[in-house]
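A.B. asks: Before I ask anything, let me first share the structure, which is written out below as structure tokens.
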Amino acid sequence: TNSWLALIVRLLMTFVVAMTAPLIVVPCGDMIEGKLGIGLDEVRKRIAVRVLLCMLCMIVSEHAPGFVHVVSFIGCFCASIIGFVLPPLFCIQLRHNTRKDNVTKMDFISCCDVGAFVIGIITTILTSTMTFGEMRKSQQQ
């Protein structure tokens with residue numbers, strides 16, 4: 001549409017992307033550079049990594065079927081991980097770190113944590129697969 005409101009919304013979204021992109025690209029670039037072993041003195045390699053990261057994000061965003069579906073997929077995946085996978089995983093890790101006796105012994109609580117962890121992974125896989133399927137179905141139409 002060509003209304004003033006639509007134009008203002010587009011301008012504000014462009015502003016938000018322009019302001020938040022460096023906050024995302026810099027830490028991701030640093031992490032990739034660290035994994036690749038690129039030092040601070042290798043400026044050309046660092047620039048190449050960040051340009052490739054931005055290009056990859058641009059290509060993915062250009063070919064994504066729709067913003068709503070991508071946000072839905074990411075939200076579904078992240079909510080499942082945060083709500084169902086990480087809490088039992090943290091409990092398992094805490095129990096492992098604080099246990100002073102035999103670490104191979106599994107008590108009832110540890111079994112419950114492992115069970116909740118497995119159920120969380122299955123839930124994440126199922127919800128992400130269903131959301132991804134809906135995203136692909138909307139792309140085919």
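In the structure tokens, each chain is lettered A, B, ... as it comes, each chain's residues begin at 1, and ligands are numbered from 1 in order of appearance.
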Enumerate, as an MDAnalysis selection string, the complete set of residues in chain A that a backbone-based DSSP assignment places in helix (DSSP H, G or I).
C.D. replies: chainID A and resid 4:36 43:63 67:98 108:140
A.B. asks: Which neighbours of Ser110 in chain A fall inside 10 Å, counting only C-alpha atoms, when residues of the same chain fewer than 2 positions from it are skipped, and could you give them as a list in words?
C.D. replies: Pro88, Cys91, Ile92, Arg95, His96, Lys105, Met106, Asp107, Phe108, Cys112, Asp113, Val114, Gly115 and Ala116 of chain A
A.B. asks: Using CA of Ser128 in chain A and CA of Phe77 in chain A as the two end points, give the distance in Å to one decimal.
C.D. replies: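 Interatomic distance here is 5.7 Å.
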A.B. asks: Using only C-alpha atoms, which residues sit within 10 Å of Phe73 in chain A once same-chain residues fewer than 6 positions away are excluded, as an MDAnalysis selection string?
C.D. replies: chainID A and resid 67 79 127:135
A.B. asks: If you count only C-alpha atoms, which residues fall within 12 Å of Gly83 in chain A, apart from same-chain ones fewer than 3 positions away, as a list of chain:residue names?
C.D. replies: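 Contacts, in chain order: A:Gly75, A:Cys76, A:Phe77, A:Cys78, A:Ala79, A:Ser80, A:Leu86, A:Pro87, A:Pro88, A:Leu89, A:Phe90, A:Ala116, A:Phe117, A:Ile119, A:Gly120, A:Ile121, A:Thr123, A:Thr124.
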A.B. asks: Those selected residues, please, written with all heavy atoms and delivered as a tab-separated table (two decimals), in the first residue's frame.
C.D. replies:
```tsv
chain	number	residue	atom	x	y	z
A	75	GLY	N	10.80	-19.02	16.80
A	75	GLY	CA	10.15	-18.94	18.10
A	75	GLY	C	9.78	-20.30	18.64
A	75	GLY	O	9.98	-20.59	19.83
A	76	CYS	N	9.25	-21.16	17.78
A	76	CYS	CA	8.87	-22.51	18.20
A	76	CYS	C	10.11	-23.28	18.66
A	76	CYS	O	10.10	-23.92	19.71
A	76	CYS	CB	8.22	-23.21	17.02
A	76	CYS	SG	8.26	-24.98	17.06
A	77	PHE	N	11.18	-23.20	17.90
A	77	PHE	CA	12.41	-23.92	18.24
A	77	PHE	C	13.00	-23.39	19.55
A	77	PHE	O	13.32	-24.16	20.45
A	77	PHE	CB	13.41	-23.78	17.09
A	77	PHE	CG	14.70	-24.49	17.34
A	77	PHE	CD1	14.77	-25.86	17.21
A	77	PHE	CD2	15.84	-23.80	17.71
A	77	PHE	CE1	15.97	-26.54	17.44
A	77	PHE	CE2	17.02	-24.45	17.95
A	77	PHE	CZ	17.09	-25.83	17.81
A	78	CYS	N	13.12	-22.08	19.66
A	78	CYS	CA	13.73	-21.49	20.86
A	78	CYS	C	12.87	-21.72	22.10
A	78	CYS	O	13.40	-22.03	23.17
A	78	CYS	CB	13.96	-20.00	20.65
A	78	CYS	SG	15.23	-19.65	19.44
A	79	ALA	N	11.56	-21.57	21.97
A	79	ALA	CA	10.68	-21.78	23.13
A	79	ALA	C	10.74	-23.23	23.60
A	79	ALA	O	10.76	-23.50	24.80
A	79	ALA	CB	9.26	-21.39	22.79
A	80	SER	N	10.80	-24.17	22.66
A	80	SER	CA	10.90	-25.58	23.04
A	80	SER	C	12.22	-25.87	23.73
A	80	SER	O	12.26	-26.59	24.74
A	80	SER	CB	10.75	-26.47	21.81
A	80	SER	OG	9.47	-26.37	21.27
A	86	LEU	N	16.47	-27.25	28.19
A	86	LEU	CA	17.50	-26.69	29.07
A	86	LEU	C	17.26	-26.92	30.56
A	86	LEU	O	18.23	-27.23	31.27
A	86	LEU	CB	17.68	-25.19	28.78
A	86	LEU	CG	18.31	-24.87	27.42
A	86	LEU	CD1	18.45	-23.37	27.25
A	86	LEU	CD2	19.65	-25.56	27.25
A	87	PRO	N	16.05	-26.79	31.10
A	87	PRO	CA	15.89	-27.03	32.54
A	87	PRO	C	16.33	-28.42	33.01
A	87	PRO	O	17.13	-28.52	33.95
A	87	PRO	CB	14.40	-26.79	32.79
A	87	PRO	CG	14.01	-25.83	31.73
A	87	PRO	CD	14.81	-26.23	30.53
A	88	PRO	N	15.89	-29.52	32.35
A	88	PRO	CA	16.41	-30.81	32.82
A	88	PRO	C	17.90	-30.98	32.56
A	88	PRO	O	18.61	-31.61	33.34
A	88	PRO	CB	15.59	-31.85	32.04
A	88	PRO	CG	14.86	-31.14	31.01
A	88	PRO	CD	14.84	-29.70	31.36
A	89	LEU	N	18.40	-30.37	31.49
A	89	LEU	CA	19.83	-30.46	31.21
A	89	LEU	C	20.63	-29.75	32.30
A	89	LEU	O	21.66	-30.27	32.76
A	89	LEU	CB	20.14	-29.87	29.84
A	89	LEU	CG	21.59	-29.96	29.38
A	89	LEU	CD1	22.01	-31.42	29.23
A	89	LEU	CD2	21.77	-29.24	28.07
A	90	PHE	N	20.15	-28.60	32.74
A	90	PHE	CA	20.82	-27.89	33.84
A	90	PHE	C	20.77	-28.71	35.13
A	90	PHE	O	21.74	-28.75	35.89
A	90	PHE	CB	20.21	-26.51	34.05
A	90	PHE	CG	20.51	-25.53	32.96
A	90	PHE	CD1	19.66	-24.46	32.73
A	90	PHE	CD2	21.62	-25.66	32.15
A	90	PHE	CE1	19.92	-23.55	31.73
A	90	PHE	CE2	21.89	-24.76	31.14
A	90	PHE	CZ	21.04	-23.70	30.93
A	116	ALA	N	12.83	-36.28	31.30
A	116	ALA	CA	12.33	-34.96	30.90
A	116	ALA	C	13.19	-34.38	29.78
A	116	ALA	O	12.67	-33.74	28.85
A	116	ALA	CB	12.31	-34.02	32.09
A	117	PHE	N	14.48	-34.62	29.84
A	117	PHE	CA	15.39	-34.15	28.80
A	117	PHE	C	15.06	-34.81	27.46
A	117	PHE	O	14.96	-34.13	26.43
A	117	PHE	CB	16.84	-34.43	29.21
A	117	PHE	CG	17.86	-34.05	28.19
A	117	PHE	CD1	18.11	-32.73	27.90
A	117	PHE	CD2	18.59	-35.02	27.52
A	117	PHE	CE1	19.05	-32.36	26.96
A	117	PHE	CE2	19.53	-34.68	26.58
A	117	PHE	CZ	19.76	-33.34	26.30
A	119	ILE	N	12.18	-36.22	26.57
A	119	ILE	CA	10.87	-35.72	26.14
A	119	ILE	C	11.00	-34.31	25.56
A	119	ILE	O	10.36	-33.99	24.56
A	119	ILE	CB	9.86	-35.76	27.31
A	119	ILE	CG1	9.52	-37.22	27.64
A	119	ILE	CG2	8.60	-34.97	26.98
A	119	ILE	CD1	8.72	-37.38	28.92
A	120	GLY	N	11.85	-33.47	26.16
A	120	GLY	CA	12.07	-32.12	25.64
A	120	GLY	C	12.68	-32.13	24.25
A	120	GLY	O	12.28	-31.35	23.38
A	121	ILE	N	13.63	-33.02	24.02
A	121	ILE	CA	14.24	-33.11	22.69
A	121	ILE	C	13.21	-33.59	21.67
A	121	ILE	O	13.12	-33.04	20.56
A	121	ILE	CB	15.48	-34.03	22.73
A	121	ILE	CG1	16.60	-33.33	23.48
A	121	ILE	CG2	15.93	-34.40	21.32
A	121	ILE	CD1	17.86	-34.13	23.63
A	123	THR	N	9.96	-33.26	21.85
A	123	THR	CA	9.01	-32.17	21.66
A	123	THR	C	9.58	-31.10	20.74
A	123	THR	O	8.89	-30.60	19.84
A	123	THR	CB	8.65	-31.54	23.02
A	123	THR	OG1	8.12	-32.54	23.87
A	123	THR	CG2	7.64	-30.42	22.87
A	124	THR	N	10.83	-30.76	20.93
A	124	THR	CA	11.48	-29.75	20.07
A	124	THR	C	11.52	-30.22	18.63
A	124	THR	O	11.22	-29.46	17.71
A	124	THR	CB	12.90	-29.45	20.59
A	124	THR	OG1	12.81	-28.98	21.93
A	124	THR	CG2	13.58	-28.42	19.72
```
A.B. asks: List the spatial neighbours of Cys54 in chain A as a list in words - criterion: any atom at most 12 Å away, only C-alpha atoms, same-chain residues fewer than 6 positions off excluded.
C.D. replies: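 Answer for this query is Ala21, Pro22, Ile24, Val25, Val26, Cys28, Gly29, Ile47, Ala48, Val60 and Ser61 of chain A.
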A.B. asks: Give me a file of those residues, with C-alpha atoms, as a compact mmCIF listing (two decimals), in the first residue's frame.
C.D. replies:
```
# COMPACT_ATOMS: atom_id res chain seq x y z
CA ALA A 21 22.65 -5.52 12.57
CA PRO A 22 26.05 -4.53 14.05
CA ILE A 24 24.38 -9.24 15.82
CA VAL A 25 27.15 -9.37 13.21
CA VAL A 26 30.05 -8.38 15.49
CA CYS A 28 28.79 -13.76 15.50
CA GLY A 29 31.80 -12.69 13.46
CA ILE A 47 36.48 -8.56 6.85
CA ALA A 48 35.86 -11.57 4.59
CA VAL A 60 18.55 -16.65 3.59
CA SER A 61 16.26 -13.71 4.29
```
A.B. asks: Hey, which of A:Ile125, A:Ile38, A:Val17, A:Val51 ends up closest to Val85 in chain A? Count only C-alpha atoms.
C.D. replies: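 Using only C-alpha atoms, Val85 in chain A sits closest to A:Ile125.
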A.B. asks: Please report the interatomic distance between CA of Leu126 in chain A and CA of Met31 in chain A in Å with one decimal.
C.D. replies: 29.5 Å
A.B. asks: Taking into account only C-alpha atoms, which residue in the set A:Arg136, A:Arg10, A:Arg50, A:Lys35 is nearest to Val70 in chain A?
C.D. replies: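 Of A:Arg136, A:Arg10, A:Arg50, A:Lys35, the one nearest Val70 in chain A is A:Arg136, counting only C-alpha atoms.
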A.B. asks: Tell me, in Å to one decimal, how far CA of Ala6 in chain A is from CA of Leu23 in chain A.
C.D. replies: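 Straight-line distance from CA of Ala6 in chain A to CA of Leu23 in chain A works out to 26.2 Å.
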